[in-house]
Structure formats: structure tokens, C-alpha cells
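So the structure is just underneath, and the comments pick up after that.
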Amino acid sequence: MKVCVIGTGYVGLVTGVCLAEIGHNVICVDKDEKKISLLNIGKVPIYEQGLEEIVRKNRDSGNISFSRDVGYGIKNSDIIFISVGTPPLSTGKPDLSSLDEVAKLIGKSINGYKIVVNKSTVPIGTAKRIKKIIKENQDNDHSFDIVSNPEFLKEGEAVDDAFFPERLVIGSESKKAIDIMKELYGPIINQDFDYARANSHKKEKVPVLITDSTSSELIKYASNSFLASKISFINEIANLCERIGANILDVTYGMGLDTRIGTRFMKAGIGWGGSCFPKDVRALSYTAEEYGAGANILNAVIHVNNQQRFKVVQKAMDLLGIIDDKVIAVLGLSFKPNTNDTRETPSIAIINKFLELGAEVRVYDPVVKEYPSDMDKGAVMASDPYKASDKADLLVLVTEWDEFLNLDYGKIKKIMRSPNIIDGRNCLCKKSLTDMGFNYKGIGI
Ligand code: UDX
């Protein structure tokens, strides 16, 4: 099938390459000239395991091409995926200006029956909004259908999530569009394509939920908000563990043995960040309040998370007393391992707070090498974890990169001025660090 994907961020690029790999003819378009030039020479502008290799393979085979010309992409495709950014406005409401712009262009360029698939995470009712804008901008009567097909990919695991999803959600009011979408995703649904055959993650068959567009839009928001709620819940229990002398690791394990609860997304730490959870929980809360349905749980989930990252600062005060003039090494800038994404990362909020309190902060991350624009310019980027720790009064682990699990902590203890560690992800071994002579503080342990 002939597919156009508009927007080459995480979602658009991974969707495009996945559809190309299963045999479709895909044009990925983006107005960002730099991104398209990079993609045209086989380079991926984001850090995502396995993505570059598969982009190159499909570019070389001619299954995928990259262009800045949105009109060209629309005219030469039957199915158009919209995967442009919907960043939050200060109210929490998503900014739909890029999406509206794309809908206008589709209206202006439509030259035959098209299926317009929305992959961006959008407020409830956006499918209807896109339909209206396309119609208003059409100067012919070609028909089209709208589909809501949310993406559930996780950064760092995006390629596998696209090829081996736990479910596909197709929301549309058109039977014709639903049938074509099922055909488009046929190889994924049946797990019948070369990449799957070569990969151990292969599933039996992927469940497909067919629903209306509004329910489909809500599934995405409600799923992310539920996962964020699990984390805020367990973080609140971790905080209680510290007060009463319980151990969150045992508590979580004990809870998770009940399969109705499970252990996934129950890791206590310094809270959630990234490009999805913060934006989506806020947006769902906004919608729930806008419609008068109430958003008490969602608002509490956000509140707990906003406080959680600063627990680390409180622990630093407990260990160091006055923070002014202390040297603090921070390990990890990305919001989680295996990505270079620093959007809403707890790390930057913590670093900025330490700097505000007068500390000297050195930060190291295995892949984030560019200075994030929202990080206070006082922080120094160290070239390795040992340089960051040299003469430090405190080491704070913020992101659980594998590299940090295997550091030479004996050496780190020797080079630090005072052996204090805060493990914001409970990923280091408390006993061995304590035996080595570190003052160790985790979260709820
Ligand atoms: C998330 C959803 O998982 C994905 O389905 C959706 O499409 C996009 O949003 P992502 O933002 O890539 O994906 O990251 P994820 O792995 O879900 O982690 C989100 C945040 O929760 C991270 O900050 C992570 O550190 C935190 N987290 C996760 C915890 O604090 N504890 C956990 O147990 C799990």
C-alpha cells in the first residue's frame, strides 16, 4: 500500500519504517530540513536502539523515502498517518497548531479517496476536528475517512514495540477504513514478516480492538495515566516505608505476587518524566475537568510526582547539612535509560535545585552530550562518571543506565571527598555499598 507519514519524530519515524519493513511503500515527510537531510543519508536524528539499521535497510531497498514536500507525500499515498507533535500549552491543553496545519494541507492536496490516520496523542474529539478542517479546505469532493490509531511505543524499545505490539487499537466510524487498516497491519497482526521470523519476541497473533474514534483516543490517555498512577502510588508507599522502617522492594514484591496487581511499573524512585506521561496525564486531567467529570486521582498523581523528585534534595540535606559549596555528582540526564530524551526529566529539576542551593554540580550521561536548554548553565558536563565524582561530597544516581550498575565503586569511594550516595532508582546494591563504607540512601529502602 502507498503510505505517507507526516512528522518524523519518535512515533512517525518508527511507524514509517515498520510499515516499510512489512512491505508497504512509505514516504516520510517533515518540514524540518535538517531531519530530512540526515534521514536521506541514512542517519537517524534521535537515539533509538536498532532504528538506524532498519531505516537504512528500507531506504536502500526503496521501500521508504524522505521528503520535505507534504503535498507530494499526500498526493502519492492512499493512507496518510499524522504523527506531529502536540506539546502541552501552559494550561495542560495540548497545542494542536501543527496538527491543524497538516489537516489544512491534506484538504488542499487531496486527489482521491484517502484514509487519514491520527497517531499523535490528541485530545478527545480530535478525529472529528481533523475531518472538519480537511472538509473546509477541500476544493473538490474526494471522499476520505478518519481513523484514530494510537501508538503505545516506549522510547528505547520503540522498534520492538512497533513490530511486536501488545495490541492494535483502530478507532473509526468507517467500516471501509477499518478493513483497509486491518489489511495494512495484516503482517503485524499475524506476525508474518521477515523481521518477526528472525526475532525471538514474535507473538502468536496481535489482538486488534476495533472501536469508535473517541474511545480510541481515550484508550491512549487512560493507559498512560494509569501507568503513571501506578508509579505515583508506589512512590507514595515508598515514602511511607521510610517513615515506618519498611522496605519498598519487599512490599512491591509482596503486592505484585497478586497477579491482579503485578510487579510491572511498580518501581519506586524519583518519579516519571519523558515526552508522554507528564503531557498525557495533564491533558486527561484538563479534559476531565473541562467536561465536569472530575480529575481528583489524576491531579493527585501529578502532585505526588512533582514532589517526588525533590525528595532527593531533602535526602541530600540530611546527608550533607548545608548544600552551599558542596560538590555534587549527578549520574544520568535522560528521563530513563536507552534514550537521549531529556524532556521533563527529573534530573534537570534536581540539578537546577542543587545549583540554586549553591552546590557545584557535575553531571554525566552516557548518551546526552548536548547541554539541555532548560538546565541551569552552572552545571558542568563531565566526560565520565569518575571525573564527575572526583572530590564530590555526594553522588546522586538519577537514571538507571546499565553503565552505572557496573562502575568501580571502590575507585569512586577513594576519589570522593565524602562517600555519600543517593540511589534515586534503587538499582544499586545497598549492602555492598554500605559494606564498602558508603552512606547509602535509596527510595523507600
Ligand atoms: C510511555 C508508555 O510506556 C508508552 O506506552 C507510551 O506510548 C509513551 O509513554 P516512555 O515515556 O517511553 O513510554 O517511558 P516508560 O518506559 O513508560 O517510562 C515512563 C517514566 O516512568 C520514566 O520516567 C520511568 O523512569 C518511569 N518509571 C517507569 C518509574 O519510575 N517506575 C516504573 O516502574 C516504570
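So you can find residues: chains in the C-alpha cells are A, B, ... in the order shown, residues in each start at 1, and ligands are numbered from 1 in order.
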Within 10 Å of Ile210 of chain A, counting only C-alpha atoms, which residues show up once you throw out same-chain ones fewer than 2 positions away? Write them as a ChimeraX atom specification, please.
/A:149,168-173,175,178,182,207-208,212-213,215-216
Emit the selected residues as a PDB file, in the first residue's frame, including N, CA, C and O atoms.
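Okay, result.pdb is ready:
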```pdb
ATOM      1  N   ASN A 149      -5.570   5.793  15.592  1.00  0.00           N
ATOM      2  CA  ASN A 149      -4.762   4.572  15.773  1.00  0.00           C
ATOM      3  C   ASN A 149      -3.582   4.907  16.687  1.00  0.00           C
ATOM      4  O   ASN A 149      -2.465   5.116  16.239  1.00  0.00           O
ATOM      5  N   LEU A 168      -3.377  -3.644  18.969  1.00  0.00           N
ATOM      6  CA  LEU A 168      -3.560  -2.572  17.991  1.00  0.00           C
ATOM      7  C   LEU A 168      -4.942  -2.017  18.236  1.00  0.00           C
ATOM      8  O   LEU A 168      -5.903  -2.776  18.382  1.00  0.00           O
ATOM      9  N   VAL A 169      -5.036  -0.699  18.300  1.00  0.00           N
ATOM     10  CA  VAL A 169      -6.342  -0.080  18.503  1.00  0.00           C
ATOM     11  C   VAL A 169      -6.690   0.710  17.238  1.00  0.00           C
ATOM     12  O   VAL A 169      -5.914   1.565  16.805  1.00  0.00           O
ATOM     13  N   ILE A 170      -7.813   0.385  16.650  1.00  0.00           N
ATOM     14  CA  ILE A 170      -8.251   1.070  15.433  1.00  0.00           C
ATOM     15  C   ILE A 170      -9.625   1.657  15.716  1.00  0.00           C
ATOM     16  O   ILE A 170     -10.604   0.927  15.926  1.00  0.00           O
ATOM     17  N   GLY A 171      -9.681   2.990  15.746  1.00  0.00           N
ATOM     18  CA  GLY A 171     -10.955   3.649  16.041  1.00  0.00           C
ATOM     19  C   GLY A 171     -11.440   4.410  14.831  1.00  0.00           C
ATOM     20  O   GLY A 171     -10.746   5.296  14.330  1.00  0.00           O
ATOM     21  N   SER A 172     -12.609   4.041  14.330  1.00  0.00           N
ATOM     22  CA  SER A 172     -13.132   4.768  13.165  1.00  0.00           C
ATOM     23  C   SER A 172     -14.636   4.545  13.050  1.00  0.00           C
ATOM     24  O   SER A 172     -15.175   3.563  13.551  1.00  0.00           O
ATOM     25  N   GLU A 173     -15.276   5.472  12.375  1.00  0.00           N
ATOM     26  CA  GLU A 173     -16.718   5.351  12.134  1.00  0.00           C
ATOM     27  C   GLU A 173     -16.941   4.709  10.756  1.00  0.00           C
ATOM     28  O   GLU A 173     -18.078   4.499  10.346  1.00  0.00           O
ATOM     29  N   LYS A 175     -16.426   1.534   8.124  1.00  0.00           N
ATOM     30  CA  LYS A 175     -16.088   0.114   8.007  1.00  0.00           C
ATOM     31  C   LYS A 175     -15.022  -0.088   6.939  1.00  0.00           C
ATOM     32  O   LYS A 175     -14.102  -0.889   7.090  1.00  0.00           O
ATOM     33  N   ILE A 178     -11.688   0.760   8.332  1.00  0.00           N
ATOM     34  CA  ILE A 178     -11.253  -0.259   9.306  1.00  0.00           C
ATOM     35  C   ILE A 178     -10.718  -1.482   8.559  1.00  0.00           C
ATOM     36  O   ILE A 178      -9.656  -2.025   8.893  1.00  0.00           O
ATOM     37  N   LYS A 182      -6.908  -2.980   8.705  1.00  0.00           N
ATOM     38  CA  LYS A 182      -6.588  -4.363   9.111  1.00  0.00           C
ATOM     39  C   LYS A 182      -5.678  -5.023   8.075  1.00  0.00           C
ATOM     40  O   LYS A 182      -4.789  -5.786   8.400  1.00  0.00           O
ATOM     41  N   PRO A 207      -3.691  -8.934  19.310  1.00  0.00           N
ATOM     42  CA  PRO A 207      -5.109  -8.582  19.446  1.00  0.00           C
ATOM     43  C   PRO A 207      -5.403  -7.215  18.826  1.00  0.00           C
ATOM     44  O   PRO A 207      -4.614  -6.285  18.972  1.00  0.00           O
ATOM     45  N   VAL A 208      -6.530  -7.124  18.129  1.00  0.00           N
ATOM     46  CA  VAL A 208      -6.919  -5.861  17.489  1.00  0.00           C
ATOM     47  C   VAL A 208      -8.238  -5.416  18.106  1.00  0.00           C
ATOM     48  O   VAL A 208      -9.198  -6.183  18.145  1.00  0.00           O
ATOM     49  N   ASP A 212     -14.852   3.025  18.249  1.00  0.00           N
ATOM     50  CA  ASP A 212     -15.109   4.348  17.666  1.00  0.00           C
ATOM     51  C   ASP A 212     -13.901   5.250  17.927  1.00  0.00           C
ATOM     52  O   ASP A 212     -13.075   4.955  18.800  1.00  0.00           O
ATOM     53  N   SER A 213     -13.797   6.360  17.205  1.00  0.00           N
ATOM     54  CA  SER A 213     -12.590   7.186  17.304  1.00  0.00           C
ATOM     55  C   SER A 213     -12.439   7.814  18.690  1.00  0.00           C
ATOM     56  O   SER A 213     -11.329   7.936  19.211  1.00  0.00           O
ATOM     57  N   SER A 215     -13.402   6.606  21.681  1.00  0.00           N
ATOM     58  CA  SER A 215     -12.902   5.610  22.647  1.00  0.00           C
ATOM     59  C   SER A 215     -11.433   5.332  22.397  1.00  0.00           C
ATOM     60  O   SER A 215     -10.643   5.184  23.342  1.00  0.00           O
ATOM     61  N   SER A 216     -11.063   5.270  21.128  1.00  0.00           N
ATOM     62  CA  SER A 216      -9.669   5.003  20.789  1.00  0.00           C
ATOM     63  C   SER A 216      -8.765   6.118  21.330  1.00  0.00           C
ATOM     64  O   SER A 216      -7.709   5.843  21.916  1.00  0.00           O
TER      65      SER A 216
END
```
Extract, using only C-alpha atoms, all DNA, RNA and protein residues at most 8 Å from segment 325-342 of chain A, discarding same-chain residues fewer than 5 positions from it, and format them as number ranges by chain.
A: 46-49, 155-156, 272-275, 320, 347-348, 351, 358-368, 372, 385, 388-389, 391-402, 404
Which residues are near ligand 1 in this structure, taking near to mean any atom at most 9 Å from a ligand atom and counting only C-alpha atoms and all ligand atoms? Format them as a PyMOL selection string.
chain A and resi 11+121+150-158+161+220+223-224+227-228+230-232+234-235+263-278+280+334-337+339+344-346+399-400+425
So that I can check the secondary structure, give me every residue of segment 311-344 of chain A assigned strand (DSSP E) by backbone DSSP, as a list in words.
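The strand (DSSP E) subset of segment 311-344 of chain A is Val327, Ile328, Ala329, Val330 and Leu331 of chain A.
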Export C-alpha atoms of the chosen residues as a compact mmCIF listing (two decimals), in the first residue's frame?
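File written: out-v9.txt
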```
# COMPACT_ATOMS: atom_id res chain seq x y z
CA VAL A 327 30.26 19.24 45.18
CA ILE A 328 27.50 17.00 43.85
CA ALA A 329 27.94 14.46 41.04
CA VAL A 330 24.78 13.55 39.15
CA LEU A 331 24.67 10.36 37.06
```
For the contact check between segment 151-237 of chain A and segment 290-299 of chain A, emit one row per residue of segment 151-237 of chain A within 9 Å, containing the shortest atom pair and the distance in Å rounded to one decimal, counting only C-alpha atoms, chain then rising number order, as CSV.
```
residue,atom,partner,partner_atom,distance
A:Ser225,CA,A:Leu298,CA,7.3
A:Phe226,CA,A:Leu298,CA,8.8
A:Ser229,CA,A:Leu298,CA,7.4
```
Could you write out that same residue set with C-alpha atoms as a short mmCIF file (atom, residue, chain, number, x, y, z; two decimals), in the first residue's frame?
```cif
data_model
loop_
_atom_site.label_atom_id
_atom_site.label_comp_id
_atom_site.auth_asym_id
_atom_site.auth_seq_id
_atom_site.Cartn_x
_atom_site.Cartn_y
_atom_site.Cartn_z
CA SER A 225 -2.35 7.92 33.01
CA PHE A 226 -2.97 4.54 34.61
CA SER A 229 -0.76 6.38 38.61
#
```
I'd like the interatomic distance between atom CA of Asp318 of chain A and atom CA of Asp384 of chain A, to a tenth of an Å.
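Calculated distance between atom CA of Asp318 of chain A and atom CA of Asp384 of chain A is 26.9 Å.
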Given only C-alpha atoms as the counted atoms, nearest of A:Pro165, A:Gly73, A:Gly424, A:Gly321 to Gly444 of chain A:
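Nearest candidate to Gly444 of chain A out of A:Pro165, A:Gly73, A:Gly424, A:Gly321: A:Gly424.
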Determine the nearest neighbour of Glu217 of chain A from the options A:Pro94, A:Gly262, A:Gly125, A:Pro187, counting only C-alpha atoms.
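Using only C-alpha atoms, Glu217 of chain A sits closest to A:Gly125.
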Need to verify the contact set: Ser120 of chain A, 8 Å, only C-alpha atoms, exclusion of same-chain residues closer than 2 positions in sequence. Can you return it as a list in words?
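The residues that qualify are Val11, Ile82, Ser83, Val84, Gly85, Thr86, Asn118, Val122, Pro150 and Glu151 of chain A.
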Could those residues be written to a file, using all heavy atoms, as an mmCIF file, in the first residue's frame?
```cif
data_model
loop_
_atom_site.group_PDB
_atom_site.id
_atom_site.type_symbol
_atom_site.label_atom_id
_atom_site.label_comp_id
_atom_site.auth_asym_id
_atom_site.auth_seq_id
_atom_site.Cartn_x
_atom_site.Cartn_y
_atom_site.Cartn_z
ATOM 1 N N VAL A 11 7.488 8.676 17.046
ATOM 2 C CA VAL A 11 6.328 7.892 16.621
ATOM 3 C C VAL A 11 6.281 7.775 15.098
ATOM 4 O O VAL A 11 6.155 6.682 14.549
ATOM 5 C CB VAL A 11 5.031 8.543 17.174
ATOM 6 C CG1 VAL A 11 3.801 7.890 16.576
ATOM 7 C CG2 VAL A 11 4.998 8.428 18.687
ATOM 8 N N ILE A 82 -0.801 10.896 10.494
ATOM 9 C CA ILE A 82 -0.365 12.173 11.084
ATOM 10 C C ILE A 82 0.317 11.856 12.405
ATOM 11 O O ILE A 82 -0.285 11.247 13.304
ATOM 12 C CB ILE A 82 -1.555 13.123 11.360
ATOM 13 C CG1 ILE A 82 -2.417 13.303 10.091
ATOM 14 C CG2 ILE A 82 -1.047 14.474 11.853
ATOM 15 C CD1 ILE A 82 -3.631 14.207 10.309
ATOM 16 N N SER A 83 1.584 12.232 12.508
ATOM 17 C CA SER A 83 2.287 11.988 13.779
ATOM 18 C C SER A 83 3.145 13.205 14.101
ATOM 19 O O SER A 83 4.354 13.099 14.247
ATOM 20 C CB SER A 83 3.124 10.722 13.705
ATOM 21 O OG SER A 83 3.872 10.711 12.534
ATOM 22 N N VAL A 84 2.479 14.345 14.170
ATOM 23 C CA VAL A 84 3.192 15.577 14.521
ATOM 24 C C VAL A 84 3.077 15.812 16.029
ATOM 25 O O VAL A 84 2.224 15.215 16.696
ATOM 26 C CB VAL A 84 2.619 16.788 13.739
ATOM 27 C CG1 VAL A 84 2.887 16.649 12.253
ATOM 28 C CG2 VAL A 84 1.139 16.969 14.006
ATOM 29 N N GLY A 85 3.911 16.688 16.532
ATOM 30 C CA GLY A 85 3.936 16.942 17.982
ATOM 31 C C GLY A 85 2.676 17.658 18.468
ATOM 32 O O GLY A 85 2.075 18.455 17.745
ATOM 33 N N THR A 86 2.272 17.318 19.675
ATOM 34 C CA THR A 86 1.144 18.013 20.321
ATOM 35 C C THR A 86 1.599 18.433 21.723
ATOM 36 O O THR A 86 1.082 17.938 22.726
ATOM 37 C CB THR A 86 -0.095 17.094 20.407
ATOM 38 O OG1 THR A 86 0.301 15.845 21.008
ATOM 39 C CG2 THR A 86 -0.708 16.828 19.058
ATOM 40 N N ASN A 118 -4.754 9.200 12.537
ATOM 41 C CA ASN A 118 -4.078 10.010 13.528
ATOM 42 C C ASN A 118 -3.315 9.146 14.522
ATOM 43 O O ASN A 118 -3.889 8.296 15.195
ATOM 44 C CB ASN A 118 -5.078 10.895 14.264
ATOM 45 C CG ASN A 118 -4.328 11.833 15.153
ATOM 46 O OD1 ASN A 118 -3.286 12.345 14.771
ATOM 47 N ND2 ASN A 118 -4.802 12.006 16.344
ATOM 48 N N VAL A 122 -3.798 12.902 20.969
ATOM 49 C CA VAL A 122 -4.599 14.124 20.792
ATOM 50 C C VAL A 122 -5.806 14.130 21.723
ATOM 51 O O VAL A 122 -6.278 13.083 22.157
ATOM 52 C CB VAL A 122 -5.105 14.210 19.334
ATOM 53 C CG1 VAL A 122 -3.957 14.497 18.393
ATOM 54 C CG2 VAL A 122 -5.850 12.958 18.936
ATOM 55 N N PRO A 150 -3.852 5.004 18.001
ATOM 56 C CA PRO A 150 -2.796 5.466 18.917
ATOM 57 C C PRO A 150 -1.595 4.534 18.962
ATOM 58 O O PRO A 150 -1.718 3.329 18.729
ATOM 59 C CB PRO A 150 -3.497 5.519 20.274
ATOM 60 C CG PRO A 150 -4.707 4.677 20.141
ATOM 61 C CD PRO A 150 -5.096 4.686 18.693
ATOM 62 N N GLU A 151 -0.467 5.138 19.285
ATOM 63 C CA GLU A 151 0.791 4.403 19.365
ATOM 64 C C GLU A 151 1.129 4.183 20.835
ATOM 65 O O GLU A 151 0.930 5.064 21.650
ATOM 66 C CB GLU A 151 1.872 5.256 18.682
ATOM 67 C CG GLU A 151 3.205 4.594 18.590
ATOM 68 C CD GLU A 151 3.118 3.241 17.935
ATOM 69 O OE1 GLU A 151 2.830 3.182 16.736
ATOM 70 O OE2 GLU A 151 3.314 2.219 18.633
#
```
What's the separation between atom CA of Asp390 of chain A and atom CA of Lys411 of chain A, in Å to one decimal place?
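Taking atom CA of Asp390 of chain A and atom CA of Lys411 of chain A, their separation equals 9.9 Å.
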Please extract the residues of segment 167-257 of chain A with a backbone DSSP assignment of helix (DSSP H, G or I) and present them as an MDAnalysis selection string.
chainID A and resid 175:184 186:189 194:197 213:244 248:256
Which of these, A:Tyr10, A:Phe354, A:Tyr221, A:Tyr286, has the shortest distance to Val44 of chain A once you count only C-alpha atoms?
A:Tyr10
